[in-house]
Amino acid sequence: MATATEPLLVLAPANPGIVRLVGDTPGPDDAETLIRTLYAEHGRSLLAYATRLTGDRAAAEDVVQETLVRAWKHAGDLTTGRGSVRGWLLTVARNIVTDRARARAVRPAEVADVVDRPPVQSDHSESVVNTMVVMDALDKVSPEHRDVLVQLYYRGRSVAEAAKELGVPPGTVKSRSYYALRALRAVMAGTEAEVSR
Amino acid sequence: MNEHDRTQLGAYALGALEPGEVAEVDEHLATCAECRAELAELEEMKDFLGEVPPEAFLEGPPEGGDLLLQRTLREVREVREASAEPPMPVPVKRSRSRWLMVAAAALVVVGGALGGGVALGRSTAPPQATEPAAGYKEVTAIDTTTGAKMATTVEPRTGWSWVQVQVTGLKAGDQCQLLVTDSAGKTWTAGSWVVSEKAAKNGSTFGGGVLVPLDKVHSVEIRTLQGRHVVTATI
């Protein structure tokens, strides 16, 4: 897999939140640097997501803490290039929330079975496509296309609102949204072979 | 909608068109199989987008200070310090096998984390050579009356704790229970066992889980099934 000249840890494909630690200067501060970087770039996203899932800020903070610690412990998993770091973190956070809910629901004697299973292991929900794959695909479409999808889909904005937000004519928002979905489809088609495992 | 004005279809699929525009597209779709097929493809992409939560597009650190960051860093430091191995230089060449997973029945141990080996999980069979989970507490207690000595490790789990004890000074044939008392005074049984000849000589290692969070664990006691106190460690 890795050769001596490759970076040890490549967190994230080419996206704005890139984290890249090169392995030839490992030191005791690596863990701290990793945690600080992940927190600074993904903390808000993670905490907001965990807060929505748990409905409880304190519980969400615990989830974020555990997610970051797992990212450190499993830093090697992030080198596989499957999915963005953000997608990995969000998936792990969701798994932790699920595990905790499950742990509360089962008898104590069975709880031992659910301790800290490695995250992003096969999970029934990812039979076809998962968060990491889609985030990775979104990383690969152009920023203009991604912005339009975020505005229209994730923020629920109308064409007119998105046009104002992005500073482009409404017609451009429309055509970009079409080409963005086409581009996403092309990227997804290209990764399908990888996805089916 | 103009004949095959496909650029409307993206915003249509995403539900971002005005009602008047939607009606126009609907009208065209009713008569155009080609555009309906195209729309189906775009809607499939919309379903994929649904795999990603909207929070994925928030940037930067959480609002309201970095207490959470400090807590996380503290946990990482504790894990590193708790690690038996000295911080090892991170190998430049790394293979999947470093992220070795040994899954045997109910035993799951993951080793080889960056900056030192870390045991992440274990179950009822107490593995010997793994480090306890982050934030664990360790207390050694000696009971001068019974002569029993107990090294206790309590590890945090998600809402519960794993308790492991090494007890010397037990008699062969003793039927022991591992009891945990929480801060509210309630006593939980984390398991029971019988002391073998060998364990009487070399010490007994036993572990069990209780549904008491680590910060609520007040004490760990060994008592015989007949009710005889052996040793207590206050955590």
# chains A, B, ... in the order shown; residues from 1 in each chain; ligands from 1

$ residues_around --residues "segment 15-32 of chain B" --least-positions-apart "3" --cutoff "12 Å" --atoms "only C-alpha atoms" --output "ChimeraX atom specification"
/A:148-163,170-171,173-174,177-178 /B:1-12,35-40,42-43,46

$ residues_around --residues "Arg52 of chain A" --least-positions-apart "5" --cutoff "12 Å" --atoms "only C-alpha atoms" --output "list in words"
Ser45, Leu46, Leu47, Arg57, Ala58, Ala59, Ala60, Glu61, Val63, Ala93, Arg94 and Val97 of chain A; Pro53, Pro54 and Glu55 of chain B

$ select_by_dssp --residues "segment 131-167 of chain B" --states "strand (DSSP E)" --output "number ranges by chain"
B: 137-142, 149-156, 161-167

$ closest_residue --among "A:Val134, A:Leu34, A:Ala71, A:Ala105" --to "chain B" --atoms "only C-alpha atoms"
A:Val134

$ residues_around --residues "segment 197-210 of chain B" --least-positions-apart "3" --cutoff "7 Å" --atoms "only C-alpha atoms" --output "list of chain:residue names"
A:Pro108, B:Thr124, B:Pro126, B:Trp160, B:Ser161, B:Trp162, B:Val163, B:Gln164, B:Val165, B:Gln166, B:Val167, B:Thr168, B:Gly169, B:Leu170, B:Lys171, B:Ala172, B:Trp188, B:Ala190, B:Gly191

$ atom_distance --atom1 "atom CA of Leu179 of chain B" --atom2 "atom CA of Ile222 of chain B"
6.2 Å

$ residues_around --residues "segment 134-144 of chain B" --least-positions-apart "4" --cutoff "8 Å" --atoms "only C-alpha atoms" --output "list in words"
Glu75, Val76, Glu78, Val79, Ala82, Ala148, Lys149, Met150, Ala151, Thr152, Thr153, Val154, Glu155, Pro156, Leu214, Val230, Val231, Thr232, Ala233, Thr234 and Ile235 of chain B
